[in-house]
Amino acid sequence: MKSTQIKWFYLLALALVWGSSFILIKKGLIGLTAFQLGSLRIIFASVFLLLIGHKSLAKIPAKKWKYIALTSMFGTFFPAYLFAIAQTEIDSSVSSILNSLTPLNTLILGALVFGLQFKRNQVFGILIGLAGSALLVLNGAANHPEQNYYYAILVLIASICYAVNVNLIKKYLHDLTPLSITTGNFTILFIPAFMILFFSGFFEVIQEANVQQSVLFIMILGVVGTGIANILFFKLIQISSPVFATSVTYLIPVVAFGWGLFDNEMLTPIQFFGAFIILIGVYLSAKR
C-alpha cells in the first residue's frame, strides 16, 4: 500500500474509533463520575499497552523521557478528564464537534512556537472545516438551549492540549516508534490515574450493577479508543504532518452523530450540510 493510501487508512480508522469514543463516554457517565471515568480510561489503556509494549520502553533514550512525560500530560492525561467533565453538561455530539478546533490550534501553535511551515491550502482547509463545525455547533445549540455551554470551554482547552501534543511529537519524538511513545506515555500516567481513582470513591460503589456496566464501556474505550488509537495516531503524525493528523477531528463529529442516531439524536439538514463542508476541509488540509 502506498504511503498516501496508508495515511488515509489511518485517518479513517482513527475517525471511526475516536468518533465512537464520545458515545462510550456518555454511557460510562451513567454509572461513573467524570474523574472515575478518566482514571479508568487511562488505567485500562496502561495495562493493555504494558502487556504488548513493555519491551519497547528500552528503545526510549533517557534524554527523551522528558518529552514522553510532556506528551503524556497534554495528549492523554488532561484531555481524558476534561472531556469527561464536559460531557456531564453537554451532549457527546457537541463535544465531538468542538474537538474539531484541534487542527486550527495545531496550525497556530506549530507556526508560532514550533517553527513548522504550512501551505496556504492547508490554512483554507482548516478554515473551511471550522466553518462546517460552526454550522453543527450553532444548530445543536439552538436545539438544546438547556445545556450549559460554559462546559464547552473544557473541550476547547482539551483541543489546545492535543495541538501541543502533536507538535511535540513531530518535533522531538519523530525518531521513536509509535508503540514506544504510547507505552511510555501510559507508563508515566498509571500511578497518577490510580491515585485519583482510589480517592474518587470508586471502590465503594464497584459492586453496583450500573457501575460495572459503565466500567465495561470504559474498558473498550481505554483499550481500543485510547491504547490502540494512540499507536495509530502517533504513526500517522510521523508519516504525514501535524495538520493532516489532527484533521481527523473533522471526521470525528460525523461518526459521533452516526452513533447519536442510535441514541435518539437526530441530524438536521443543516448538520448534514456542515458535515459535508467538514469533509471538504479535510481534503484541502491534506493536500501538500
# chains A, B, ... in the order shown; residues from 1 in each chain; ligands from 1
$ closest_atom_pairs --of "region 177-278 of chain A" --to "region 35-48 of chain A" --cutoff "6 Å" --atoms "only C-alpha atoms" --output "CSV"
residue,atom,partner,partner_atom,distance
A:Phe186,CA,A:Ser46,CA,4.9
A:Phe190,CA,A:Ile43,CA,5.7
A:Ala193,CA,A:Ser39,CA,4.7
A:Leu197,CA,A:Gln36,CA,5.5
A:Ile218,CA,A:Arg41,CA,5.8
A:Met219,CA,A:Phe44,CA,5.9
A:Gly222,CA,A:Arg41,CA,4.4
A:Val223,CA,A:Ala45,CA,4.8
A:Gly227,CA,A:Ala45,CA,4.8
$ closest_atom_pairs --of "region 55-153 of chain A" --to "region 238-254 of chain A" --cutoff "10 Å" --atoms "only C-alpha atoms" --output "JSON lines"
{"residue": "A:Ser92", "atom": "CA", "partner": "A:Pro253", "partner_atom": "CA", "distance": 9.3}
{"residue": "A:Ser93", "atom": "CA", "partner": "A:Pro253", "partner_atom": "CA", "distance": 6.4}
{"residue": "A:Val94", "atom": "CA", "partner": "A:Pro253", "partner_atom": "CA", "distance": 8.0}
{"residue": "A:Ser95", "atom": "CA", "partner": "A:Pro253", "partner_atom": "CA", "distance": 8.5}
{"residue": "A:Ser96", "atom": "CA", "partner": "A:Pro253", "partner_atom": "CA", "distance": 5.1}
{"residue": "A:Ile97", "atom": "CA", "partner": "A:Pro253", "partner_atom": "CA", "distance": 5.1}
{"residue": "A:Leu98", "atom": "CA", "partner": "A:Pro253", "partner_atom": "CA", "distance": 8.6}
{"residue": "A:Asn99", "atom": "CA", "partner": "A:Thr249", "partner_atom": "CA", "distance": 6.2}
{"residue": "A:Ser100", "atom": "CA", "partner": "A:Thr249", "partner_atom": "CA", "distance": 4.5}
{"residue": "A:Leu101", "atom": "CA", "partner": "A:Thr249", "partner_atom": "CA", "distance": 7.7}
{"residue": "A:Thr102", "atom": "CA", "partner": "A:Thr246", "partner_atom": "CA", "distance": 6.4}
{"residue": "A:Pro103", "atom": "CA", "partner": "A:Thr246", "partner_atom": "CA", "distance": 5.1}
{"residue": "A:Leu104", "atom": "CA", "partner": "A:Val243", "partner_atom": "CA", "distance": 8.1}
{"residue": "A:Asn105", "atom": "CA", "partner": "A:Val243", "partner_atom": "CA", "distance": 9.4}
{"residue": "A:Thr106", "atom": "CA", "partner": "A:Val243", "partner_atom": "CA", "distance": 6.4}
{"residue": "A:Leu107", "atom": "CA", "partner": "A:Val243", "partner_atom": "CA", "distance": 6.4}
{"residue": "A:Gly110", "atom": "CA", "partner": "A:Pro242", "partner_atom": "CA", "distance": 8.2}
{"residue": "A:Leu116", "atom": "CA", "partner": "A:Pro242", "partner_atom": "CA", "distance": 9.2}
{"residue": "A:Phe118", "atom": "CA", "partner": "A:Val243", "partner_atom": "CA", "distance": 8.4}
{"residue": "A:Gln122", "atom": "CA", "partner": "A:Val243", "partner_atom": "CA", "distance": 7.7}
{"residue": "A:Val123", "atom": "CA", "partner": "A:Val243", "partner_atom": "CA", "distance": 9.3}
{"residue": "A:Gly125", "atom": "CA", "partner": "A:Ser247", "partner_atom": "CA", "distance": 9.2}
{"residue": "A:Ile126", "atom": "CA", "partner": "A:Ser247", "partner_atom": "CA", "distance": 7.9}
{"residue": "A:Gly129", "atom": "CA", "partner": "A:Tyr250", "partner_atom": "CA", "distance": 6.6}
{"residue": "A:Leu130", "atom": "CA", "partner": "A:Tyr250", "partner_atom": "CA", "distance": 8.2}
{"residue": "A:Gly132", "atom": "CA", "partner": "A:Tyr250", "partner_atom": "CA", "distance": 8.8}
{"residue": "A:Ser133", "atom": "CA", "partner": "A:Tyr250", "partner_atom": "CA", "distance": 7.7}
{"residue": "A:Leu136", "atom": "CA", "partner": "A:Pro253", "partner_atom": "CA", "distance": 8.9}
$ closest_residue --among "A:Leu232, A:Leu70, A:Val205, A:Leu29" --to "Tyr172 (chain A)" --atoms "only C-alpha atoms"
A:Leu70
$ select_by_dssp --residues "region 30-183 of chain A" --states "helix (DSSP H, G or I)" --output "PyMOL selection string"
chain A and resi 34-59+62-86+92-112+120-143+149-172+178-183
$ atom_distance --atom1 "CA of Val215 (chain A)" --atom2 "CA of Ile23 (chain A)"
13.7 Å
$ closest_residue --among "A:Phe257, A:Phe273, A:Trp18, A:Trp8" --to "Leu221 (chain A)" --atoms "only C-alpha atoms"
A:Trp18
$ closest_residue --among "A:Ile270, A:Leu51, A:Leu109, A:Ile30" --to "Ala209 (chain A)" --atoms "only C-alpha atoms"
A:Ile30
$ atom_distance --atom1 "CA of Phe74 (chain A)" --atom2 "CA of Ile157 (chain A)"
10.1 Å
$ closest_residue --among "A:Thr187, A:Asn139, A:Gln213, A:Ser72" --to "Pro269 (chain A)" --atoms "only C-alpha atoms"
A:Asn139
$ residues_around --residues "Gln5 (chain A)" --least-positions-apart "4" --cutoff "12 Å" --atoms "only C-alpha atoms" --output "list in words"
Met1, Phe9, Tyr10, Leu11, Leu12, Leu236, Ile239 and Ser240 of chain A
$ write_last_selection --atoms "C-alpha atoms" --output "PDB file, in the first residue's frame"
ATOM      1  CA  MET A   1       0.000   0.000   0.000  1.00  0.00           C
ATOM      2  CA  PHE A   9      -6.380   4.439   6.005  1.00  0.00           C
ATOM      3  CA  TYR A  10      -5.049   5.513   9.405  1.00  0.00           C
ATOM      4  CA  LEU A  11      -7.111   8.705   9.257  1.00  0.00           C
ATOM      5  CA  LEU A  12     -10.380   6.878   8.561  1.00  0.00           C
ATOM      6  CA  LEU A 236       0.018   8.985  11.358  1.00  0.00           C
ATOM      7  CA  ILE A 239       4.171   9.647   8.105  1.00  0.00           C
ATOM      8  CA  SER A 240       2.208  12.835   7.400  1.00  0.00           C
TER       9      SER A 240
END
$ decode --residues "region 128-154 of chain A" --atoms "N, CA, C and O atoms" --output "PDB file, in the first residue's frame"
ATOM      1  N   ILE A 128     -12.235  26.187   6.336  1.00  0.00           N
ATOM      2  CA  ILE A 128     -13.468  25.610   5.789  1.00  0.00           C
ATOM      3  C   ILE A 128     -14.022  24.554   6.740  1.00  0.00           C
ATOM      4  O   ILE A 128     -15.230  24.489   6.996  1.00  0.00           O
ATOM      5  N   GLY A 129     -13.110  23.719   7.272  1.00  0.00           N
ATOM      6  CA  GLY A 129     -13.554  22.713   8.226  1.00  0.00           C
ATOM      7  C   GLY A 129     -14.178  23.329   9.470  1.00  0.00           C
ATOM      8  O   GLY A 129     -15.177  22.838   9.998  1.00  0.00           O
ATOM      9  N   LEU A 130     -13.602  24.420   9.926  1.00  0.00           N
ATOM     10  CA  LEU A 130     -14.145  25.104  11.094  1.00  0.00           C
ATOM     11  C   LEU A 130     -15.516  25.722  10.789  1.00  0.00           C
ATOM     12  O   LEU A 130     -16.394  25.763  11.660  1.00  0.00           O
ATOM     13  N   ALA A 131     -15.682  26.188   9.560  1.00  0.00           N
ATOM     14  CA  ALA A 131     -16.982  26.748   9.170  1.00  0.00           C
ATOM     15  C   ALA A 131     -18.062  25.667   9.243  1.00  0.00           C
ATOM     16  O   ALA A 131     -19.170  25.902   9.737  1.00  0.00           O
ATOM     17  N   GLY A 132     -17.701  24.481   8.756  1.00  0.00           N
ATOM     18  CA  GLY A 132     -18.649  23.368   8.846  1.00  0.00           C
ATOM     19  C   GLY A 132     -18.939  22.996  10.278  1.00  0.00           C
ATOM     20  O   GLY A 132     -20.081  22.714  10.656  1.00  0.00           O
ATOM     21  N   SER A 133     -17.904  23.013  11.106  1.00  0.00           N
ATOM     22  CA  SER A 133     -18.085  22.708  12.529  1.00  0.00           C
ATOM     23  C   SER A 133     -18.969  23.748  13.192  1.00  0.00           C
ATOM     24  O   SER A 133     -19.794  23.427  14.059  1.00  0.00           O
ATOM     25  N   ALA A 134     -18.814  25.024  12.793  1.00  0.00           N
ATOM     26  CA  ALA A 134     -19.626  26.095  13.371  1.00  0.00           C
ATOM     27  C   ALA A 134     -21.106  25.881  13.066  1.00  0.00           C
ATOM     28  O   ALA A 134     -21.969  26.115  13.925  1.00  0.00           O
ATOM     29  N   LEU A 135     -21.400  25.434  11.837  1.00  0.00           N
ATOM     30  CA  LEU A 135     -22.791  25.141  11.491  1.00  0.00           C
ATOM     31  C   LEU A 135     -23.368  24.074  12.415  1.00  0.00           C
ATOM     32  O   LEU A 135     -24.500  24.193  12.904  1.00  0.00           O
ATOM     33  N   LEU A 136     -22.583  23.035  12.672  1.00  0.00           N
ATOM     34  CA  LEU A 136     -23.045  21.959  13.533  1.00  0.00           C
ATOM     35  C   LEU A 136     -23.242  22.450  14.971  1.00  0.00           C
ATOM     36  O   LEU A 136     -24.216  22.109  15.635  1.00  0.00           O
ATOM     37  N   VAL A 137     -22.312  23.269  15.450  1.00  0.00           N
ATOM     38  CA  VAL A 137     -22.385  23.768  16.827  1.00  0.00           C
ATOM     39  C   VAL A 137     -23.585  24.676  17.013  1.00  0.00           C
ATOM     40  O   VAL A 137     -24.361  24.522  17.968  1.00  0.00           O
ATOM     41  N   LEU A 138     -23.753  25.642  16.119  1.00  0.00           N
ATOM     42  CA  LEU A 138     -24.834  26.615  16.263  1.00  0.00           C
ATOM     43  C   LEU A 138     -26.199  25.952  16.174  1.00  0.00           C
ATOM     44  O   LEU A 138     -27.124  26.283  16.922  1.00  0.00           O
ATOM     45  N   ASN A 139     -26.303  24.987  15.262  1.00  0.00           N
ATOM     46  CA  ASN A 139     -27.577  24.287  15.125  1.00  0.00           C
ATOM     47  C   ASN A 139     -27.865  23.429  16.342  1.00  0.00           C
ATOM     48  O   ASN A 139     -29.005  23.357  16.814  1.00  0.00           O
ATOM     49  N   GLY A 140     -26.818  22.798  16.880  1.00  0.00           N
ATOM     50  CA  GLY A 140     -27.001  21.998  18.096  1.00  0.00           C
ATOM     51  C   GLY A 140     -27.373  22.847  19.284  1.00  0.00           C
ATOM     52  O   GLY A 140     -28.223  22.473  20.105  1.00  0.00           O
ATOM     53  N   ALA A 141     -26.760  24.031  19.390  1.00  0.00           N
ATOM     54  CA  ALA A 141     -27.073  24.932  20.500  1.00  0.00           C
ATOM     55  C   ALA A 141     -28.513  25.421  20.424  1.00  0.00           C
ATOM     56  O   ALA A 141     -29.191  25.568  21.442  1.00  0.00           O
ATOM     57  N   ALA A 142     -28.984  25.671  19.206  1.00  0.00           N
ATOM     58  CA  ALA A 142     -30.353  26.148  19.030  1.00  0.00           C
ATOM     59  C   ALA A 142     -31.378  25.095  19.445  1.00  0.00           C
ATOM     60  O   ALA A 142     -32.462  25.419  19.955  1.00  0.00           O
ATOM     61  N   ASN A 143     -31.024  23.828  19.242  1.00  0.00           N
ATOM     62  CA  ASN A 143     -31.946  22.743  19.571  1.00  0.00           C
ATOM     63  C   ASN A 143     -31.827  22.247  21.007  1.00  0.00           C
ATOM     64  O   ASN A 143     -32.647  21.456  21.463  1.00  0.00           O
ATOM     65  N   HIS A 144     -30.764  22.693  21.715  1.00  0.00           N
ATOM     66  CA  HIS A 144     -30.554  22.257  23.101  1.00  0.00           C
ATOM     67  C   HIS A 144     -30.200  23.451  23.986  1.00  0.00           C
ATOM     68  O   HIS A 144     -29.103  23.522  24.538  1.00  0.00           O
ATOM     69  N   PRO A 145     -31.129  24.396  24.149  1.00  0.00           N
ATOM     70  CA  PRO A 145     -30.837  25.593  24.957  1.00  0.00           C
ATOM     71  C   PRO A 145     -30.659  25.294  26.435  1.00  0.00           C
ATOM     72  O   PRO A 145     -30.145  26.137  27.179  1.00  0.00           O
ATOM     73  N   GLU A 146     -31.054  24.112  26.855  1.00  0.00           N
ATOM     74  CA  GLU A 146     -30.939  23.764  28.275  1.00  0.00           C
ATOM     75  C   GLU A 146     -29.530  23.345  28.677  1.00  0.00           C
ATOM     76  O   GLU A 146     -29.228  23.205  29.862  1.00  0.00           O
ATOM     77  N   GLN A 147     -28.656  23.162  27.723  1.00  0.00           N
ATOM     78  CA  GLN A 147     -27.298  22.708  28.031  1.00  0.00           C
ATOM     79  C   GLN A 147     -26.419  23.865  28.500  1.00  0.00           C
ATOM     80  O   GLN A 147     -26.578  25.002  28.052  1.00  0.00           O
ATOM     81  N   ASN A 148     -25.504  23.562  29.397  1.00  0.00           N
ATOM     82  CA  ASN A 148     -24.583  24.566  29.932  1.00  0.00           C
ATOM     83  C   ASN A 148     -23.347  24.635  29.032  1.00  0.00           C
ATOM     84  O   ASN A 148     -22.418  23.836  29.172  1.00  0.00           O
ATOM     85  N   TYR A 149     -23.324  25.608  28.140  1.00  0.00           N
ATOM     86  CA  TYR A 149     -22.245  25.684  27.168  1.00  0.00           C
ATOM     87  C   TYR A 149     -20.948  26.261  27.729  1.00  0.00           C
ATOM     88  O   TYR A 149     -19.945  26.322  27.033  1.00  0.00           O
ATOM     89  N   TYR A 150     -20.960  26.684  28.997  1.00  0.00           N
ATOM     90  CA  TYR A 150     -19.709  27.077  29.626  1.00  0.00           C
ATOM     91  C   TYR A 150     -18.762  25.874  29.720  1.00  0.00           C
ATOM     92  O   TYR A 150     -17.542  26.028  29.687  1.00  0.00           O
ATOM     93  N   TYR A 151     -19.338  24.677  29.824  1.00  0.00           N
ATOM     94  CA  TYR A 151     -18.514  23.466  29.885  1.00  0.00           C
ATOM     95  C   TYR A 151     -17.830  23.179  28.562  1.00  0.00           C
ATOM     96  O   TYR A 151     -16.889  22.389  28.502  1.00  0.00           O
ATOM     97  N   ALA A 152     -18.289  23.816  27.500  1.00  0.00           N
ATOM     98  CA  ALA A 152     -17.641  23.659  26.200  1.00  0.00           C
ATOM     99  C   ALA A 152     -16.216  24.215  26.227  1.00  0.00           C
ATOM    100  O   ALA A 152     -15.366  23.812  25.428  1.00  0.00           O
ATOM    101  N   ILE A 153     -15.959  25.145  27.151  1.00  0.00           N
ATOM    102  CA  ILE A 153     -14.607  25.706  27.282  1.00  0.00           C
ATOM    103  C   ILE A 153     -13.606  24.603  27.615  1.00  0.00           C
ATOM    104  O   ILE A 153     -12.451  24.639  27.189  1.00  0.00           O
ATOM    105  N   LEU A 154     -14.052  23.595  28.374  1.00  0.00           N
ATOM    106  CA  LEU A 154     -13.170  22.490  28.739  1.00  0.00           C
ATOM    107  C   LEU A 154     -12.739  21.703  27.503  1.00  0.00           C
ATOM    108  O   LEU A 154     -11.598  21.238  27.421  1.00  0.00           O
TER     109      LEU A 154
END
